[in-house]
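Please read the structure below before turning to the comments.
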Amino acid sequence: MSDPYLNWSDFFSTLISDLILDKDYKKSQREILDRSKRLKEDALKNNIRKRKAFLLRKKNGLIDNGDYDSFVNEVTDEAIHMLNWLATQRYLNGYLEGTMLEEIFSIFKKGCMPCGVNRDR
């Protein structure tokens, strides 16, 4: 990448490397996965989400659009991946104000998707 930008994948891998090496990493992943499964088990919430997604797609004329579906799934998977790492950091270390994963979370809360970084920030 040209100066001052960094490759996002390299940056993110470096960001999470200490978490992977933590002695409680595997335990954290089991706990987070178990809790996620419990949250997803609420059938009413799932039905409401599916209906909302259908109505939004219908409004935008995208009921049968494979390209759109692929794009949404890819972005969703990436967002879930990043948020899982935030959950892992919080599980292992508690809330750490000012960390890059917390900054990423604040970007998500604003309705945006973090996707780039430069050497300064």
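In the structure tokens, chains take the letters A, B, ... in the order shown, each chain's residues start at 1, and ligands count up from 1 in the order shown.
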List the neighbours of Gln89 of chain A out to 9 Å using only C-alpha atoms; skip same-chain residues closer than 4 positions along the sequence, and give me the result as a PDB file with all heavy atoms, in the first residue's frame.
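This went into selection-v6.pdb:
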ATOM      1  N   ILE A  16      -5.167  -8.317  16.719  1.00  0.00           N
ATOM      2  CA  ILE A  16      -5.752  -9.409  17.498  1.00  0.00           C
ATOM      3  C   ILE A  16      -4.749 -10.477  17.917  1.00  0.00           C
ATOM      4  O   ILE A  16      -5.110 -11.406  18.651  1.00  0.00           O
ATOM      5  CB  ILE A  16      -6.921 -10.068  16.735  1.00  0.00           C
ATOM      6  CG1 ILE A  16      -6.439 -10.699  15.442  1.00  0.00           C
ATOM      7  CG2 ILE A  16      -8.032  -9.070  16.510  1.00  0.00           C
ATOM      8  CD1 ILE A  16      -7.482 -11.516  14.715  1.00  0.00           C
ATOM      9  N   LEU A  19      -4.535 -11.381  21.567  1.00  0.00           N
ATOM     10  CA  LEU A  19      -5.735 -12.050  22.080  1.00  0.00           C
ATOM     11  C   LEU A  19      -5.668 -13.553  21.805  1.00  0.00           C
ATOM     12  O   LEU A  19      -6.031 -14.362  22.652  1.00  0.00           O
ATOM     13  CB  LEU A  19      -6.989 -11.453  21.459  1.00  0.00           C
ATOM     14  CG  LEU A  19      -7.250  -9.977  21.761  1.00  0.00           C
ATOM     15  CD1 LEU A  19      -8.454  -9.486  20.966  1.00  0.00           C
ATOM     16  CD2 LEU A  19      -7.451  -9.746  23.244  1.00  0.00           C
ATOM     17  N   ASN A  84     -16.783  -9.980  17.043  1.00  0.00           N
ATOM     18  CA  ASN A  84     -16.389 -11.131  17.849  1.00  0.00           C
ATOM     19  C   ASN A  84     -15.038 -10.877  18.519  1.00  0.00           C
ATOM     20  O   ASN A  84     -14.826 -11.239  19.677  1.00  0.00           O
ATOM     21  CB  ASN A  84     -16.330 -12.401  16.994  1.00  0.00           C
ATOM     22  CG  ASN A  84     -15.977 -13.610  17.827  1.00  0.00           C
ATOM     23  OD1 ASN A  84     -16.668 -13.943  18.780  1.00  0.00           O
ATOM     24  ND2 ASN A  84     -14.877 -14.260  17.489  1.00  0.00           N
ATOM     25  N   TRP A  85     -14.140 -10.218  17.812  1.00  0.00           N
ATOM     26  CA  TRP A  85     -12.839  -9.900  18.410  1.00  0.00           C
ATOM     27  C   TRP A  85     -12.967  -8.860  19.511  1.00  0.00           C
ATOM     28  O   TRP A  85     -12.260  -8.910  20.514  1.00  0.00           O
ATOM     29  CB  TRP A  85     -11.831  -9.481  17.350  1.00  0.00           C
ATOM     30  CG  TRP A  85     -11.336 -10.685  16.629  1.00  0.00           C
ATOM     31  CD1 TRP A  85     -11.608 -11.057  15.347  1.00  0.00           C
ATOM     32  CD2 TRP A  85     -10.513 -11.721  17.178  1.00  0.00           C
ATOM     33  NE1 TRP A  85     -11.012 -12.257  15.078  1.00  0.00           N
ATOM     34  CE2 TRP A  85     -10.327 -12.686  16.184  1.00  0.00           C
ATOM     35  CE3 TRP A  85      -9.928 -11.932  18.421  1.00  0.00           C
ATOM     36  CZ2 TRP A  85      -9.571 -13.837  16.391  1.00  0.00           C
ATOM     37  CZ3 TRP A  85      -9.172 -13.074  18.618  1.00  0.00           C
ATOM     38  CH2 TRP A  85      -9.008 -14.010  17.609  1.00  0.00           C
ATOM     39  N   ASN A  93     -10.023  -9.037  28.881  1.00  0.00           N
ATOM     40  CA  ASN A  93      -9.392  -7.885  29.534  1.00  0.00           C
ATOM     41  C   ASN A  93     -10.373  -6.879  30.116  1.00  0.00           C
ATOM     42  O   ASN A  93      -9.953  -5.861  30.657  1.00  0.00           O
ATOM     43  CB  ASN A  93      -8.485  -7.151  28.539  1.00  0.00           C
ATOM     44  CG  ASN A  93      -7.456  -8.057  27.926  1.00  0.00           C
ATOM     45  OD1 ASN A  93      -6.858  -8.884  28.602  1.00  0.00           O
ATOM     46  ND2 ASN A  93      -7.240  -7.929  26.623  1.00  0.00           N
ATOM     47  N   GLY A  94     -11.670  -7.101  29.934  1.00  0.00           N
ATOM     48  CA  GLY A  94     -12.639  -6.102  30.349  1.00  0.00           C
ATOM     49  C   GLY A  94     -12.701  -4.965  29.336  1.00  0.00           C
ATOM     50  O   GLY A  94     -12.076  -5.015  28.279  1.00  0.00           O
ATOM     51  N   TYR A  95     -13.458  -3.938  29.667  1.00  0.00           N
ATOM     52  CA  TYR A  95     -13.567  -2.775  28.786  1.00  0.00           C
ATOM     53  C   TYR A  95     -12.276  -1.972  28.862  1.00  0.00           C
ATOM     54  O   TYR A  95     -11.855  -1.559  29.939  1.00  0.00           O
ATOM     55  CB  TYR A  95     -14.765  -1.920  29.211  1.00  0.00           C
ATOM     56  CG  TYR A  95     -14.869  -0.627  28.456  1.00  0.00           C
ATOM     57  CD1 TYR A  95     -15.315  -0.615  27.146  1.00  0.00           C
ATOM     58  CD2 TYR A  95     -14.519   0.577  29.046  1.00  0.00           C
ATOM     59  CE1 TYR A  95     -15.417   0.567  26.436  1.00  0.00           C
ATOM     60  CE2 TYR A  95     -14.620   1.766  28.355  1.00  0.00           C
ATOM     61  CZ  TYR A  95     -15.071   1.749  27.044  1.00  0.00           C
ATOM     62  OH  TYR A  95     -15.159   2.931  26.349  1.00  0.00           O
ATOM     63  N   LEU A  96     -11.643  -1.772  27.705  1.00  0.00           N
ATOM     64  CA  LEU A  96     -10.388  -1.017  27.648  1.00  0.00           C
ATOM     65  C   LEU A  96     -10.589   0.220  26.774  1.00  0.00           C
ATOM     66  O   LEU A  96     -10.454   0.155  25.548  1.00  0.00           O
ATOM     67  CB  LEU A  96      -9.258  -1.884  27.072  1.00  0.00           C
ATOM     68  CG  LEU A  96      -8.894  -3.149  27.842  1.00  0.00           C
ATOM     69  CD1 LEU A  96      -7.886  -3.979  27.056  1.00  0.00           C
ATOM     70  CD2 LEU A  96      -8.351  -2.787  29.212  1.00  0.00           C
ATOM     71  N   LEU A 101      -9.907  -1.762  19.006  1.00  0.00           N
ATOM     72  CA  LEU A 101     -11.147  -2.528  18.871  1.00  0.00           C
ATOM     73  C   LEU A 101     -12.343  -1.747  19.411  1.00  0.00           C
ATOM     74  O   LEU A 101     -13.446  -1.813  18.843  1.00  0.00           O
ATOM     75  CB  LEU A 101     -11.030  -3.884  19.568  1.00  0.00           C
ATOM     76  CG  LEU A 101     -10.158  -4.908  18.837  1.00  0.00           C
ATOM     77  CD1 LEU A 101      -9.917  -6.131  19.710  1.00  0.00           C
ATOM     78  CD2 LEU A 101     -10.774  -5.308  17.509  1.00  0.00           C
TER      79      LEU A 101
END
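Proximity to segment 21-24 of chain A at 12 Å, evaluated using only C-alpha atoms and with sequence-adjacent residues fewer than 5 positions away removed, yields Thr14, Leu15, Ile16, Gln29, Arg30, Glu31, Thr88, Gln89, Tyr91, Leu92 and Asn93 of chain A.
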Saved selection, atoms kept: all heavy atoms, as a compact mmCIF listing (two decimals), in the first residue's frame:
# COMPACT_ATOMS: atom_id res chain seq x y z
N THR A 14 -2.54 -8.05 13.23
CA THR A 14 -1.62 -7.58 14.26
C THR A 14 -2.40 -7.16 15.50
O THR A 14 -2.00 -7.43 16.64
CB THR A 14 -0.79 -6.40 13.74
OG1 THR A 14 -0.08 -6.83 12.57
CG2 THR A 14 0.18 -5.90 14.77
N LEU A 15 -3.54 -6.53 15.28
CA LEU A 15 -4.38 -6.04 16.37
C LEU A 15 -4.87 -7.16 17.29
O LEU A 15 -4.93 -7.00 18.51
CB LEU A 15 -5.57 -5.30 15.76
CG LEU A 15 -6.50 -4.52 16.65
CD1 LEU A 15 -5.76 -3.35 17.29
CD2 LEU A 15 -7.66 -3.99 15.82
N ILE A 16 -5.17 -8.32 16.72
CA ILE A 16 -5.75 -9.41 17.50
C ILE A 16 -4.75 -10.48 17.92
O ILE A 16 -5.11 -11.41 18.65
CB ILE A 16 -6.92 -10.07 16.73
CG1 ILE A 16 -6.44 -10.70 15.44
CG2 ILE A 16 -8.03 -9.07 16.51
CD1 ILE A 16 -7.48 -11.52 14.72
N GLN A 29 -13.71 -18.13 23.50
CA GLN A 29 -14.43 -18.44 22.27
C GLN A 29 -15.63 -19.36 22.54
O GLN A 29 -16.69 -19.19 21.95
CB GLN A 29 -13.49 -19.06 21.23
CG GLN A 29 -12.41 -18.11 20.76
CD GLN A 29 -12.97 -16.79 20.27
OE1 GLN A 29 -13.55 -16.70 19.20
NE2 GLN A 29 -12.82 -15.73 21.06
N ARG A 30 -15.45 -20.33 23.43
CA ARG A 30 -16.56 -21.21 23.79
C ARG A 30 -17.69 -20.41 24.45
O ARG A 30 -18.86 -20.57 24.11
CB ARG A 30 -16.09 -22.33 24.73
CG ARG A 30 -15.34 -23.44 24.04
CD ARG A 30 -15.14 -24.63 24.95
NE ARG A 30 -14.43 -24.31 26.18
CZ ARG A 30 -13.11 -24.30 26.32
NH1 ARG A 30 -12.34 -24.59 25.29
NH2 ARG A 30 -12.55 -24.00 27.48
N GLU A 31 -17.32 -19.57 25.39
CA GLU A 31 -18.33 -18.76 26.12
C GLU A 31 -19.06 -17.82 25.18
O GLU A 31 -20.29 -17.70 25.25
CB GLU A 31 -17.64 -17.96 27.22
CG GLU A 31 -17.09 -18.78 28.34
CD GLU A 31 -18.09 -18.99 29.45
OE1 GLU A 31 -19.01 -18.17 29.59
OE2 GLU A 31 -17.95 -19.99 30.15
N THR A 88 -14.16 -10.78 22.41
CA THR A 88 -13.04 -11.55 22.96
C THR A 88 -12.15 -10.67 23.82
O THR A 88 -11.78 -11.04 24.94
CB THR A 88 -12.21 -12.19 21.82
OG1 THR A 88 -13.06 -13.04 21.05
CG2 THR A 88 -11.05 -12.99 22.38
N GLN A 89 -11.84 -9.47 23.31
CA GLN A 89 -11.02 -8.54 24.10
C GLN A 89 -11.70 -8.19 25.41
O GLN A 89 -11.07 -8.20 26.47
CB GLN A 89 -10.74 -7.27 23.31
CG GLN A 89 -9.99 -6.22 24.12
CD GLN A 89 -9.74 -4.95 23.36
OE1 GLN A 89 -8.78 -4.88 22.62
NE2 GLN A 89 -10.61 -3.97 23.52
N TYR A 91 -13.95 -9.93 27.00
CA TYR A 91 -13.99 -11.12 27.85
C TYR A 91 -12.66 -11.31 28.57
O TYR A 91 -12.62 -11.58 29.76
CB TYR A 91 -14.30 -12.36 27.01
CG TYR A 91 -14.38 -13.64 27.81
CD1 TYR A 91 -15.59 -14.10 28.28
CD2 TYR A 91 -13.24 -14.37 28.10
CE1 TYR A 91 -15.68 -15.26 29.02
CE2 TYR A 91 -13.31 -15.53 28.85
CZ TYR A 91 -14.52 -15.98 29.31
OH TYR A 91 -14.59 -17.12 30.05
N LEU A 92 -11.57 -11.16 27.84
CA LEU A 92 -10.24 -11.42 28.40
C LEU A 92 -9.72 -10.27 29.27
O LEU A 92 -9.06 -10.51 30.27
CB LEU A 92 -9.23 -11.69 27.27
CG LEU A 92 -9.49 -12.95 26.44
CD1 LEU A 92 -8.56 -13.00 25.24
CD2 LEU A 92 -9.36 -14.20 27.30
N ASN A 93 -10.02 -9.04 28.88
CA ASN A 93 -9.39 -7.88 29.53
C ASN A 93 -10.37 -6.88 30.12
O ASN A 93 -9.95 -5.86 30.66
CB ASN A 93 -8.49 -7.15 28.54
CG ASN A 93 -7.46 -8.06 27.93
OD1 ASN A 93 -6.86 -8.88 28.60
ND2 ASN A 93 -7.24 -7.93 26.62
Check your understanding: Smallest atom-to-atom distance to Val75 of chain A: which of A:Ile63, A:Ser13, A:Cys112, A:Leu39, using only C-alpha atoms?
Key ->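 Selected residue with least distance to Val75 of chain A: A:Cys112.
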**Study point:** Å distance separating atom CA of Lys40 of chain A from atom CA of Ser9 of chain A, one decimal place
**Key:** 28.2 Å
Exercise for review: May I ask which of the residues A:Arg38, A:Lys52, A:Lys45, A:Lys109 is the closest one to Ala79 of chain A, counting only C-alpha atoms?
Suggested key: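 For Ala79 of chain A, the nearest of the candidates is A:Lys109.
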Exercise for review: Could you find all residues in chain A that DSSP calls strand (DSSP E) from the backbone, and write them as JSON, numbers by chain?
Suggested key: {"A": [5, 6, 117, 118]}
With N, CA, C and O atoms retained, could you export that selection as a tab-separated table (two decimals), in the first residue's frame?
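Saved the output as again.tsv:
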chain	number	residue	atom	x	y	z
A	5	TYR	N	-1.10	4.67	3.97
A	5	TYR	CA	-2.09	3.64	4.23
A	5	TYR	C	-1.45	2.28	4.55
A	5	TYR	O	-0.34	1.99	4.15
A	6	LEU	N	-2.23	1.47	5.28
A	6	LEU	CA	-1.82	0.11	5.64
A	6	LEU	C	-2.84	-0.87	5.08
A	6	LEU	O	-3.99	-0.52	4.89
A	117	VAL	N	-7.19	2.10	7.22
A	117	VAL	CA	-6.38	2.65	8.30
A	117	VAL	C	-5.10	3.23	7.68
A	117	VAL	O	-4.62	2.74	6.66
A	118	ASN	N	-4.61	4.28	8.30
A	118	ASN	CA	-3.30	4.77	7.86
A	118	ASN	C	-2.34	4.72	9.02
A	118	ASN	O	-2.71	4.40	10.14
Exercise for review: Mind the document's chain letters and residue numbers, and return as an MDAnalysis selection string the residues of chain A that DSSP labels alpha helix (DSSP H).
Suggested key: chainID A and resid 8:21 25:40 43:59 66:93 100:109
Exercise for review: Kindly indicate which residue among A:Gly66, A:Phe12, A:Lys26, A:Leu56 lies nearest to Met100 of chain A, using only C-alpha atoms for the distances.
Suggested key: A:Phe12
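Taking atom CA of Asn47 of chain A and atom CA of Ile80 of chain A as endpoints, the distance between them is 19.8 Å.
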Practice item. Provide the atom CA of Asp18 of chain A to atom CA of Asn73 of chain A distance in Å, to one decimal place. Key: 28.0 Å
